[in-house]
Structure formats: structure tokens, C-alpha cells
$ cat query-v5.cif   # mmCIF, C-alpha atoms
data_run
loop_
_atom_site.label_atom_id
_atom_site.label_comp_id
_atom_site.auth_asym_id
_atom_site.auth_seq_id
_atom_site.Cartn_x
_atom_site.Cartn_y
_atom_site.Cartn_z
CA MET H 12 37.87 -71.63 31.73
CA GLN H 13 35.47 -69.56 29.52
CA ASP H 14 32.49 -70.26 31.77
CA LYS H 15 33.31 -67.24 33.91
CA TYR H 16 32.89 -64.82 30.89
CA ILE H 17 29.47 -63.33 30.13
CA SER H 18 28.23 -61.41 27.09
CA VAL H 19 27.66 -57.65 26.90
CA SER H 20 23.95 -58.28 26.58
CA GLN H 21 23.95 -60.33 29.78
CA LEU H 22 25.78 -57.59 31.64
CA THR H 23 23.47 -54.89 30.32
CA ARG H 24 20.42 -56.96 31.20
CA TYR H 25 21.76 -57.47 34.73
CA ILE H 26 22.41 -53.75 35.21
CA LYS H 27 18.92 -52.99 33.87
CA PHE H 28 17.43 -55.50 36.29
CA LYS H 29 19.26 -53.90 39.23
CA ILE H 30 18.21 -50.37 38.25
CA ASP H 31 14.60 -51.32 37.54
CA ASN H 32 14.30 -52.91 40.96
CA ASP H 33 15.84 -50.00 42.84
CA GLU H 34 13.06 -48.29 44.79
CA ASN H 35 14.92 -44.97 44.69
CA LEU H 36 14.99 -44.95 40.89
CA ARG H 37 11.39 -45.94 40.21
CA GLN H 38 10.27 -42.34 40.66
CA VAL H 39 12.77 -39.52 40.50
CA PHE H 40 12.28 -35.76 40.31
CA LEU H 41 14.80 -33.92 38.13
CA LYS H 42 15.28 -30.31 37.05
CA GLY H 43 17.46 -29.16 34.21
CA GLU H 44 17.68 -27.56 30.79
CA ILE H 45 16.47 -29.20 27.59
CA SER H 46 18.89 -29.71 24.70
CA ASN H 47 18.91 -31.78 21.50
CA PHE H 48 15.10 -31.79 21.56
CA LYS H 49 13.37 -33.90 18.88
CA ALA H 50 9.64 -34.53 18.40
CA HIS H 51 9.24 -37.89 16.64
CA THR H 52 6.60 -38.35 13.92
CA ARG H 53 4.93 -40.98 16.12
CA GLY H 54 4.40 -38.39 18.85
CA HIS H 55 7.29 -39.28 21.19
CA TYR H 56 9.76 -36.71 22.59
CA TYR H 57 13.51 -37.41 22.72
CA PHE H 58 15.86 -34.93 24.39
CA THR H 59 18.75 -34.46 26.79
CA LEU H 60 18.29 -32.99 30.26
CA LYS H 61 21.41 -31.21 31.49
CA ASP H 62 22.80 -28.93 34.18
CA GLU H 63 26.17 -27.20 34.52
CA THR H 64 28.22 -30.45 34.75
CA SER H 65 26.12 -33.48 33.74
CA ARG H 66 23.46 -34.70 31.39
CA ILE H 67 21.04 -37.59 30.98
CA ASN H 68 19.06 -38.84 27.99
CA ALA H 69 15.29 -38.57 28.32
CA VAL H 70 12.30 -40.13 26.58
CA MET H 71 8.66 -39.11 26.86
CA PHE H 72 6.19 -41.36 25.08
CA SER H 73 3.13 -40.06 23.20
CA SER H 74 0.71 -41.20 25.91
CA GLN H 75 2.36 -38.74 28.34
CA VAL H 76 2.99 -36.12 25.62
CA SER H 77 -0.77 -35.81 25.03
CA LYS H 78 -1.11 -34.37 28.55
CA MET H 79 1.41 -31.57 27.88
CA LYS H 80 0.20 -27.95 27.85
CA PHE H 81 3.28 -26.46 26.18
CA LEU H 82 5.80 -27.35 23.49
CA PRO H 83 9.32 -27.93 24.85
CA GLU H 84 12.32 -26.51 23.02
CA ASP H 85 16.07 -26.27 23.43
CA GLY H 86 17.16 -23.99 26.27
CA MET H 87 13.92 -24.36 28.21
CA LYS H 88 14.28 -25.11 31.93
CA VAL H 89 11.90 -27.82 33.12
CA LEU H 90 10.94 -29.98 36.07
CA VAL H 91 10.39 -33.65 35.16
CA THR H 92 9.09 -36.72 36.95
CA GLY H 93 9.95 -40.25 35.75
CA ARG H 94 11.79 -43.49 36.27
CA ILE H 95 15.40 -44.44 35.54
CA SER H 96 16.09 -47.47 33.37
CA VAL H 97 18.61 -48.83 30.88
CA TYR H 98 18.15 -48.84 27.11
CA GLU H 99 19.70 -52.23 26.27
CA ALA H 100 20.56 -51.40 22.64
CA THR H 101 23.10 -48.78 23.73
CA GLY H 102 23.69 -49.82 27.32
CA GLY H 103 22.99 -46.25 28.44
CA TYR H 104 20.76 -45.29 31.30
CA GLN H 105 18.01 -42.72 30.74
CA ILE H 106 14.92 -41.29 32.30
CA TYR H 107 11.47 -42.20 31.05
CA VAL H 108 9.48 -39.03 31.68
CA ASP H 109 5.91 -39.24 32.93
CA GLU H 110 5.33 -35.53 33.63
CA MET H 111 7.02 -32.25 32.65
CA ILE H 112 6.36 -28.68 33.80
CA GLU H 113 8.13 -25.38 33.11
CA ASP H 114 10.66 -24.17 35.63
CA GLY H 115 9.93 -20.54 36.60
CA ILE H 116 12.19 -17.61 35.69
CA GLY H 117 14.32 -19.41 33.16
CA ASN H 118 11.30 -20.00 30.96
CA LEU H 119 10.12 -16.41 31.32
CA TYR H 120 13.32 -15.34 29.59
CA ILE H 121 12.64 -17.87 26.82
CA GLN H 122 9.10 -16.55 26.38
CA PHE H 123 10.49 -13.02 26.35
CA GLU H 124 12.93 -13.86 23.54
CA GLN H 125 10.29 -15.77 21.57
CA LEU H 126 7.83 -12.85 21.65
CA LYS H 127 10.59 -10.34 20.95
CA LYS H 128 11.64 -12.30 17.87
CA LYS H 129 8.04 -12.68 16.66
CA LEU H 130 7.18 -8.98 16.96
CA ALA H 131 10.50 -7.92 15.45
CA LEU H 132 9.79 -10.05 12.37
CA GLU H 133 6.39 -8.36 12.07
CA GLY H 134 8.10 -4.95 12.07
CA LEU H 135 6.68 -3.63 15.35
CA PHE H 136 10.14 -2.44 16.43
CA ASP H 137 11.11 -0.77 13.12
CA LYS H 138 12.37 2.81 13.36
CA GLU H 139 10.14 4.05 10.54
CA HIS H 140 7.11 3.42 12.78
CA LYS H 141 8.51 5.55 15.63
CA ARG H 142 6.74 8.90 16.02
CA PRO H 143 8.47 12.01 17.37
CA ILE H 144 7.61 13.29 20.84
CA PRO H 145 6.31 16.91 20.77
CA ASN H 146 8.80 19.42 22.17
CA ILE H 147 6.22 21.27 24.28
CA PRO H 148 3.16 19.08 24.95
CA SER H 149 -0.03 20.68 26.24
CA ARG H 150 -1.54 17.51 27.71
CA ILE H 151 0.10 14.26 28.83
CA GLY H 152 -1.61 10.97 29.66
CA ILE H 153 -0.10 8.56 32.22
CA VAL H 154 -0.96 4.84 32.41
CA THR H 155 0.36 3.48 35.70
CA ALA H 156 -0.72 2.64 39.24
CA SER H 157 -2.59 5.44 41.01
CA THR H 158 -0.33 5.00 44.07
CA GLY H 159 3.37 4.39 44.40
CA ALA H 160 6.67 6.03 43.60
CA ALA H 161 6.23 5.97 39.79
CA ILE H 162 3.24 8.34 39.60
CA ARG H 163 4.71 10.63 42.28
CA ASP H 164 8.04 10.89 40.44
CA ILE H 165 6.35 11.57 37.07
CA LEU H 166 4.00 14.27 38.39
CA SER H 167 6.63 16.03 40.49
CA THR H 168 9.12 16.07 37.63
CA ILE H 169 6.58 17.49 35.15
CA LYS H 170 5.48 20.15 37.66
CA ARG H 171 9.07 21.15 38.35
CA ARG H 172 10.20 21.27 34.73
CA TRP H 173 7.10 22.56 32.90
CA PRO H 174 4.07 23.24 35.14
CA PHE H 175 2.01 24.53 32.19
CA THR H 176 1.37 20.97 30.95
CA GLU H 177 -1.89 19.28 31.94
CA THR H 178 -1.66 15.64 33.10
CA ILE H 179 -4.38 12.97 33.06
CA LEU H 180 -3.94 9.73 35.02
CA PHE H 181 -5.38 6.50 33.65
CA PRO H 182 -5.00 4.30 36.76
CA SER H 183 -4.09 0.70 36.02
CA LEU H 184 -2.87 -2.47 37.67
CA VAL H 185 0.83 -2.95 36.90
CA GLN H 186 1.44 -6.35 38.49
CA GLY H 187 -0.29 -9.72 38.52
CA ALA H 188 -2.44 -11.78 36.16
CA SER H 189 -5.05 -9.02 35.68
CA ALA H 190 -2.52 -6.27 34.98
CA ALA H 191 -2.04 -6.79 31.21
CA PRO H 192 -5.78 -6.58 30.32
CA ASP H 193 -6.11 -3.52 32.57
CA ILE H 194 -3.14 -1.77 30.89
CA ILE H 195 -4.60 -2.51 27.46
CA ARG H 196 -7.97 -1.11 28.51
CA GLN H 197 -6.44 2.12 29.84
CA ILE H 198 -4.27 2.63 26.73
CA ASN H 199 -7.36 2.24 24.53
CA ARG H 200 -9.29 4.60 26.81
CA ALA H 201 -6.55 7.22 26.48
CA GLN H 202 -7.10 7.28 22.69
CA GLU H 203 -10.41 9.06 23.31
CA TYR H 204 -8.64 12.08 24.83
CA ASP H 205 -6.80 14.90 23.10
CA LEU H 206 -3.32 13.96 24.28
CA ASP H 207 0.09 14.92 22.92
CA VAL H 208 2.04 12.16 24.71
CA LEU H 209 1.19 8.98 26.62
CA ILE H 210 3.54 7.62 29.33
CA VAL H 211 3.11 3.90 30.11
CA GLY H 212 5.08 2.26 32.89
CA ARG H 213 5.78 1.44 36.52
CA GLY H 214 8.64 1.39 39.03
CA GLY H 215 11.24 -1.34 39.37
CA GLY H 216 10.75 -4.91 40.51
CA SER H 217 11.45 -8.53 39.67
CA ILE H 218 10.89 -9.96 36.20
CA GLU H 219 7.69 -11.56 37.46
CA ASP H 220 6.46 -8.20 38.79
CA MET H 221 7.05 -6.47 35.45
CA TRP H 222 5.93 -9.38 33.29
CA CYS H 223 2.66 -7.68 32.27
CA PHE H 224 4.76 -5.28 30.15
CA ASN H 225 6.02 -8.30 28.19
CA ASP H 226 2.46 -9.19 27.19
CA GLU H 227 1.76 -9.39 23.44
CA GLY H 228 -1.58 -7.59 23.82
CA VAL H 229 0.08 -4.68 25.65
CA ALA H 230 2.74 -4.47 22.94
CA ARG H 231 0.14 -4.33 20.16
CA SER H 232 -1.98 -1.72 21.96
CA ILE H 233 1.12 0.51 22.26
CA TYR H 234 1.95 -0.04 18.59
CA ASN H 235 -1.62 0.78 17.50
CA SER H 236 -1.83 3.90 19.70
CA LYS H 237 -2.46 7.08 17.70
CA ILE H 238 -0.71 8.98 20.53
CA PRO H 239 3.12 8.85 20.75
CA VAL H 240 4.05 6.52 23.64
CA ILE H 241 6.98 6.75 26.06
CA SER H 242 7.71 3.46 27.83
CA ALA H 243 8.92 3.85 31.43
CA VAL H 244 9.22 0.42 33.04
CA GLY H 245 11.54 -0.38 35.94
CA HIS H 246 15.13 0.77 36.16
CA GLU H 247 17.70 1.56 33.49
CA ILE H 248 18.90 -2.07 33.29
CA ASP H 249 15.37 -3.43 32.88
CA PHE H 250 14.10 -4.04 29.37
CA THR H 251 10.58 -5.13 28.42
CA ILE H 252 8.75 -5.73 25.14
CA ALA H 253 6.91 -2.46 25.77
CA ASP H 254 10.28 -0.63 25.59
CA PHE H 255 11.00 -2.00 22.11
CA VAL H 256 7.59 -1.24 20.60
CA ALA H 257 7.12 2.24 22.18
CA ASP H 258 8.05 5.38 20.26
CA LEU H 259 10.61 6.25 22.96
CA ARG H 260 12.09 4.27 25.86
CA ALA H 261 12.87 6.00 29.16
CA PRO H 262 15.24 4.39 31.68
CA THR H 263 12.92 5.23 34.60
CA PRO H 264 9.51 6.88 35.20
CA THR H 265 11.35 10.06 36.20
CA GLY H 266 13.34 9.88 32.97
CA ALA H 267 10.06 9.56 31.02
CA ALA H 268 8.78 12.80 32.56
CA GLU H 269 12.04 14.55 31.68
CA MET H 270 11.78 13.34 28.09
CA ALA H 271 8.12 14.35 27.82
CA VAL H 272 8.43 18.01 28.82
CA PRO H 273 11.12 20.67 28.50
CA SER H 274 12.57 22.49 31.49
CA LYS H 275 11.78 26.16 32.15
CA ARG H 276 15.48 26.97 32.01
CA ASP H 277 15.89 25.28 28.61
CA ILE H 278 12.89 27.16 27.21
CA SER H 279 14.14 30.46 28.64
CA GLU H 280 17.53 29.95 26.99
CA LEU H 281 15.84 28.92 23.74
CA LEU H 282 13.68 32.07 23.77
CA ASN H 283 16.74 34.24 24.42
CA GLN H 284 18.54 32.66 21.47
CA ILE H 285 15.51 33.09 19.23
CA THR H 286 15.20 36.75 20.28
CA LEU H 287 18.85 37.41 19.50
CA ARG H 288 18.60 35.69 16.12
CA LEU H 289 15.38 37.60 15.36
CA HIS H 290 16.97 40.96 16.17
CA LYS H 291 20.00 40.13 14.08
CA SER H 292 17.87 38.94 11.19
CA MET H 293 15.69 42.08 11.29
CA LYS H 294 18.77 44.30 11.39
CA ASN H 295 20.29 42.55 8.37
CA GLU H 296 17.00 42.72 6.47
CA LEU H 297 16.62 46.46 7.16
CA MET H 298 20.19 47.07 6.00
CA ILE H 299 19.58 45.15 2.75
CA ARG H 300 16.34 47.00 2.04
CA ARG H 301 17.93 50.39 2.81
CA LYS H 302 20.70 49.66 0.34
CA LYS H 303 18.12 48.65 -2.25
CA VAL H 304 16.15 51.90 -1.75
CA ASP H 305 19.34 53.95 -2.02
CA SER H 306 20.23 52.16 -5.22
CA LEU H 307 16.80 52.82 -6.69
CA MET H 308 16.90 56.49 -5.73
CA LYS H 309 20.17 56.86 -7.64
CA SER H 310 18.97 54.95 -10.68
CA TYR H 311 18.88 56.66 -14.10
CA VAL H 312 15.15 55.99 -14.54
CA LEU H 313 14.11 57.83 -11.39
CA GLU H 314 16.43 60.73 -12.17
CA ASN H 315 15.18 60.89 -15.78
CA PRO H 316 11.61 59.50 -15.75
CA ILE H 317 10.92 60.79 -19.30
CA SER H 318 13.53 58.35 -20.58
CA LEU H 319 11.36 55.44 -19.49
CA TYR H 320 8.48 56.77 -21.63
CA GLN H 321 10.78 57.38 -24.59
CA MET H 322 12.11 53.84 -24.51
CA LYS H 323 8.58 52.45 -24.41
CA GLU H 324 7.53 54.72 -27.29
CA GLN H 325 10.43 53.54 -29.41
CA LYS H 326 9.70 49.94 -28.61
CA PHE H 327 6.06 50.49 -29.59
CA ASP H 328 7.07 51.93 -32.97
CA THR H 329 9.31 48.96 -33.63
CA LEU H 330 6.56 46.51 -32.76
CA PHE H 331 3.99 48.40 -34.88
CA GLU H 332 6.24 48.33 -37.94
CA LYS H 333 6.90 44.67 -37.41
CA LEU H 334 3.16 44.03 -37.20
CA GLN H 335 2.50 45.91 -40.45
CA SER H 336 5.24 44.04 -42.25
CA THR H 337 3.92 40.74 -40.98
CA MET H 338 0.37 41.57 -42.13
CA ARG H 339 1.60 42.49 -45.61
CA MET H 340 3.45 39.20 -45.88
CA ILE H 341 0.40 37.29 -44.72
CA VAL H 342 -1.85 39.06 -47.30
CA LYS H 343 0.68 38.38 -50.05
CA ASP H 344 0.95 34.73 -49.13
CA GLU H 345 -2.83 34.38 -49.00
CA ARG H 346 -3.19 36.00 -52.44
CA VAL H 347 -0.71 33.53 -53.92
CA ILE H 348 -2.60 30.67 -52.35
CA LEU H 349 -5.95 31.96 -53.68
CA ASP H 350 -4.53 32.29 -57.19
CA LYS H 351 -3.31 28.74 -57.10
CA ILE H 352 -6.67 27.56 -55.84
CA TYR H 353 -8.47 29.52 -58.62
CA GLN H 354 -6.25 28.12 -61.37
CA SER H 355 -6.61 24.62 -60.04
CA SER H 356 -10.40 24.99 -59.72
CA SER H 357 -10.79 26.38 -63.30
CA TYR H 358 -8.83 23.50 -64.71
CA GLN H 359 -10.88 20.96 -62.81
CA ILE H 360 -14.20 22.59 -63.82
CA GLU H 361 -13.18 22.64 -67.49
CA LYS H 362 -12.10 19.02 -67.28
CA ILE H 363 -15.42 18.01 -65.71
CA LEU H 364 -17.44 19.95 -68.36
CA ASN H 365 -15.53 18.33 -71.23
CA TYR H 366 -16.17 14.92 -69.75
CA GLU H 367 -19.91 15.61 -69.33
CA VAL H 368 -20.20 16.90 -72.96
CA TYR H 369 -18.51 13.72 -74.15
CA ARG H 370 -20.99 11.60 -72.16
CA PHE H 371 -23.95 13.61 -73.45
CA GLU H 372 -22.93 13.19 -77.11
CA LYS H 373 -22.31 9.49 -76.57
CA ASN H 374 -25.72 8.97 -75.01
CA LEU H 375 -27.34 11.07 -77.79
CA ASN H 376 -25.89 8.80 -80.42
CA LYS H 377 -27.29 5.80 -78.59
CA LEU H 378 -30.73 7.39 -78.48
CA GLU H 379 -30.67 8.16 -82.21
CA LEU H 380 -29.87 4.54 -82.95
CA LEU H 381 -32.92 3.51 -80.93
CA ASN H 382 -35.23 6.20 -82.45
CA PRO H 383 -38.30 4.41 -83.99
CA LEU H 384 -38.77 7.18 -86.56
CA LEU H 385 -35.52 6.19 -88.21
CA THR H 386 -36.86 2.64 -88.42
CA ILE H 387 -40.04 3.93 -90.10
CA GLY H 388 -37.91 5.85 -92.62
CA ARG H 389 -36.47 2.56 -93.85
CA GLY H 390 -40.00 1.32 -94.97
CA TYR H 391 -41.43 0.02 -91.73
CA SER H 392 -44.63 1.16 -89.95
CA ILE H 393 -46.05 1.28 -86.43
CA THR H 394 -49.59 0.01 -85.72
CA ARG H 395 -51.51 1.24 -82.67
CA LYS H 396 -54.79 0.36 -81.12
CA ASP H 397 -56.16 2.85 -78.64
CA GLU H 398 -52.76 4.60 -78.71
CA LYS H 399 -51.05 1.35 -77.72
CA VAL H 400 -48.49 -0.23 -80.06
CA ILE H 401 -49.62 -3.61 -81.48
CA SER H 402 -46.93 -6.26 -81.72
CA SER H 403 -49.06 -9.41 -82.18
CA ILE H 404 -52.19 -10.39 -84.18
CA LYS H 405 -53.56 -11.79 -80.95
CA GLU H 406 -54.07 -8.28 -79.69
CA ILE H 407 -56.73 -7.32 -82.33
CA GLN H 408 -60.20 -8.51 -83.33
CA PRO H 409 -62.35 -7.93 -86.40
CA LYS H 410 -63.87 -4.41 -86.55
CA ASP H 411 -61.09 -2.98 -84.27
CA LYS H 412 -60.05 0.57 -85.23
CA LEU H 413 -56.33 0.80 -85.93
CA GLU H 414 -53.85 3.62 -86.53
CA VAL H 415 -50.90 2.91 -88.86
CA GLN H 416 -47.96 5.33 -88.76
CA LEU H 417 -45.84 5.57 -91.93
CA LYS H 418 -42.84 7.69 -92.83
CA ASP H 419 -44.86 10.59 -94.09
CA GLY H 420 -48.27 10.21 -92.36
CA PHE H 421 -50.98 8.05 -90.72
CA ILE H 422 -53.57 5.56 -92.01
CA PHE H 423 -56.75 4.91 -90.02
CA THR H 424 -58.34 1.53 -90.85
CA GLU H 425 -60.73 -1.17 -89.56
CA VAL H 426 -59.92 -4.86 -89.20
CA ILE H 427 -61.99 -7.05 -91.51
CA ASP H 428 -60.43 -10.38 -90.60
CA THR H 429 -57.30 -11.81 -88.91
CA LYS H 430 -55.18 -14.76 -89.94
CA LYS H 431 -52.26 -16.32 -88.14
CA LYS H 432 -48.98 -16.92 -89.89
CA ARG H 433 -48.78 -20.27 -91.59
CA SER H 434 -46.28 -22.62 -90.11
#
$ encode --input "query-v5.cif" --output "C-alpha cells"
Amino acid sequence: MQDKYISVSQLTRYIKFKIDNDENLRQVFLKGEISNFKAHTRGHYYFTLKDETSRINAVMFSSQVSKMKFLPEDGMKVLVTGRISVYEATGGYQIYVDEMIEDGIGNLYIQFEQLKKKLALEGLFDKEHKRPIPNIPSRIGIVTASTGAAIRDILSTIKRRWPFTETILFPSLVQGASAAPDIIRQINRAQEYDLDVLIVGRGGGSIEDMWCFNDEGVARSIYNSKIPVISAVGHEIDFTIADFVADLRAPTPTGAAEMAVPSKRDISELLNQITLRLHKSMKNELMIRRKKVDSLMKSYVLENPISLYQMKEQKFDTLFEKLQSTMRMIVKDERVILDKIYQSSSYQIEKILNYEVYRFEKNLNKLELLNPLLTIGRGYSITRKDEKVISSIKEIQPKDKLEVQLKDGFIFTEVIDTKKKRS
């Protein structure tokens, strides 16, 4: 009875066999959006490929991954080629991807958001970096195609609104693979001119047509421009990276021209308002000054000028008396100080003299104690040979002439013989 039952593994293996041998499933071409993307440490890619209603698991092994020229991520639309098979461990079918390429416009939006996020984090969109556009520019530079509606609209609008402004065209490609480098070159070239404003843009078109204005190099050249930049790309609903990094975004090329220059009517009204305010201000100032003159003319000083001199004279007398009093106080204080210094100095001098007298008498007593004449007075004598004091018998020889000094005179004698002291 149980022979008719098979295991789950047997069923899964059978389904896998059927799918693997289906010619239609050995190579399939799928398009969809990536989700749940995971790059394994061993180099394999695991993700889900989905559309509006369905999804399928996908695997791309490292041998195929090495041929990839971009890094997939969630939300990216791709075109994949592979085979359908069953993963027996889960019983689910999946596609084993051999090749993957990006799928057009959907990925352009992803690239746009990636670059926008990157530059925003770097601060290229911050308001503090935005420079004001001059109210009345003398010279405007324009980076756009030399032909087409954009340049015609810009020039005609500037001429109509403010024909006194000079314009310089820096012709550039605005579409295609070579457009971004050409725009960068013309923006850098414009830096060499004395410009007040630089308009960068083109007319409307598809996202692919305007893609050069989403180029990172173009964005950085606008950010690094020393000239304030107005971005004028496409229509009002179109937004590019250039719009975010520019100092001012215009909805259209015509709008950029309107933002760059004032209208003659606006300037005329502004001049009229300034003239009215100037007249009013001058009138008020004259009235204030007239009142001030009238007040001065009626002042007591002008009516009695001698009073001004009298007040100064009195003030001088007061100051002179104060000066004399101050000088007397200073002299008195200095005299007191000098007296104190004199008394202190006299005391110190007397103290020093007394000390020196004491030292002198002390040293004199010492000298008297050491005086050899006192020693002679006690019965001793001093013997000299050739005016040199003799202290030892070894210093004399027979027949030497000696001088002996006593208390009350000298004896001059000659040595007959010498004998050493007996031990």
C-alpha cells in the first residue's frame, strides 16, 4: 500500500530533472528590479528579481561576477541572462544568472539619486555657498548650444528687458557623450572673463538628452566657479544636479534671462521711488537744519558773546587757584619726605661710624698684643743679620756681623763661634 508514496526529496529531484531538461528554460532572458541584494564574502551575488506582480530568486556565482562592470544594488533595473533550475534544499526554483546589464532609464534615476546624495553630503548644495546674483549686471556669460531655442530665448529676453547688458556666448555641446567635457571646458573658459553672471543650460528634452547636466564634473565646475551661476536646464518640471549646485535655479532658459537682468519698467519705477525718497529726505534735512540755525541765533551766547569770555575767565581763575593749591601741597609733602629721609640717613651714618670705631679699637688692641717692642720690654731681644731677623743658629756663621736690639738700644757684635743646643 505504501509503495505508491514517494519522499519530498524524490519529488523535488524529479521536478528539478524536468526543469533542467526543458529546452525553453536552459537559457532565459529576464528583466526586472533587484531587491534583497546580498554580496557574499566568497564573491557570489544573491538577490531577488521582481516586477509589479511576481518575483524569482536569483544567484550569480563569482566566476560570472568577475565579468561585471558595475555593482548592483536594491532598486536597480537590470536585464539578466541565465538558466532556470531548482534548489533542492528549499524546493524553490530560481535563476542562475550568467550575465547582467543595466536596464536604461530606470538606472539613470538611480545614478541621479546616488550622485545627488554624494554631493549633498559633501555640502555642494548648502545655502551658505550660494552667491547672490547682481541686480544690474554689466556683462553676462552664456554656456549653451550656439543654435536652438535656448540661446534665442535668452538673448531676446535680455535685449527686451535690459539692452544695456553685454552678453558673451560660450558655445557648447549640450547632448551626447562629449557634452559634459565640453560644458566643463566652457565654464572654465568663462572664468577668464570679467563676468557678473554665468547662465548654464539648454532647452527641454528627455532625461537621456539632458543627462550631461547630471555629470559630477559639470556639478563641480559650477560649484568652483568664481562667477555666480544660474542653471537653466529643460522645463520647470525638469531637475538636474546642475540645478542643485548652482547659485540660482531657473525653470527655463527664458526664466534664467529674466532672473539675470531687471526690466526697464522695474528700473524706471525704482528710480522714481528713489527720487521721491531723496526729495523727501532732503526736505526733512533742510527743515531740521533750519530749526537748528534758528535755535542757535536765539541762544544766549550769540546774543551776549561777552558772557562766553567771562565764563571762560572765571573757569581759568578757578583752575589756576586749584593748581597753586596743589603745588603747595606737593611741596609740603616733599619737604616732609625729605626730612624723614635726612633723619633716617643721619641715624644710619652715626650707627655705621660707631660700628667702625668699635672695629678700629678692637683691631688696635690686637696689634698691640702682637707688637714685638712690648716683647722686648719684658727682657727679650731681637737679633738681625743684614736687617733680617735671625731665628735659628743655622742661619749664622763665625765672623758674621750681627745687630741685637734690646729694650733701650742696639748692640753690634761679631760671631766668634756657634754651638747647637745640647739634647
$ closest_residue --input "query-v5.cif" --among "H:Asp164, H:Glu113, H:Asp85, H:Asp220" --to "Tyr57 of chain H" --atoms "only C-alpha atoms"
H:Asp85
$ residues_around --input "query-v5.cif" --residues "segment 60-74 of chain H" --least-positions-apart "6" --cutoff "12 Å" --atoms "all atoms listed in the file" --output "VMD selection string"
chain H and resid 41 to 54 83 to 98 101 to 111
$ atom_distance --input "query-v5.cif" --atom1 "atom CA of Leu135 of chain H" --atom2 "atom CA of Ala188 of chain H"
24.1 Å
$ closest_atom_pairs --input "query-v5.cif" --of "segment 150-182 of chain H" --to "segment 211-215 of chain H" --cutoff "8 Å" --atoms "only C-alpha atoms" --output "CSV"
residue,atom,partner,partner_atom,distance
H:Ile153,CA,H:Val211,CA,6.0
H:Val154,CA,H:Val211,CA,4.8
H:Thr155,CA,H:Gly212,CA,5.6
H:Ala156,CA,H:Arg213,CA,7.1
H:Ala160,CA,H:Gly214,CA,6.8
H:Ala161,CA,H:Gly214,CA,5.2
H:Ile162,CA,H:Arg213,CA,8.0
$ atom_distance --input "query-v5.cif" --atom1 "atom CA of Phe40 of chain H" --atom2 "atom CA of Arg24 of chain H"
24.5 Å
$ closest_residue --input "query-v5.cif" --among "H:Pro182, H:Pro174, H:Gly245, H:Pro409" --to "Ala267 of chain H" --atoms "all atoms listed in the file"
H:Gly245
$ atom_distance --input "query-v5.cif" --atom1 "atom CA of Leu334 of chain H" --atom2 "atom CA of Asp350 of chain H"
24.4 Å
$ residues_around --input "query-v5.cif" --residues "segment 145-152 of chain H" --least-positions-apart "2" --cutoff "7 Å" --atoms "only C-alpha atoms" --output "list of chain:residue names"
H:Pro143, H:Val154, H:Thr176, H:Glu177, H:Thr178, H:Ile179, H:Leu180, H:Ala201, H:Leu206, H:Asp207, H:Val208, H:Leu209, H:Ile210, H:Val272, H:Pro273
$ resolve_selection --input "query-v5.cif" --expression "the PyMOL selection byres ((chain H and resi 406) around 12)" --output "ChimeraX atom specification"
/H:394-397,399-405,407-409,411,413,426,429,431
$ closest_residue --input "query-v5.cif" --among "H:Asp344, H:Asp193, H:Glu99, H:Glu227" --to "Lys128 of chain H" --atoms "all atoms listed in the file"
H:Glu227
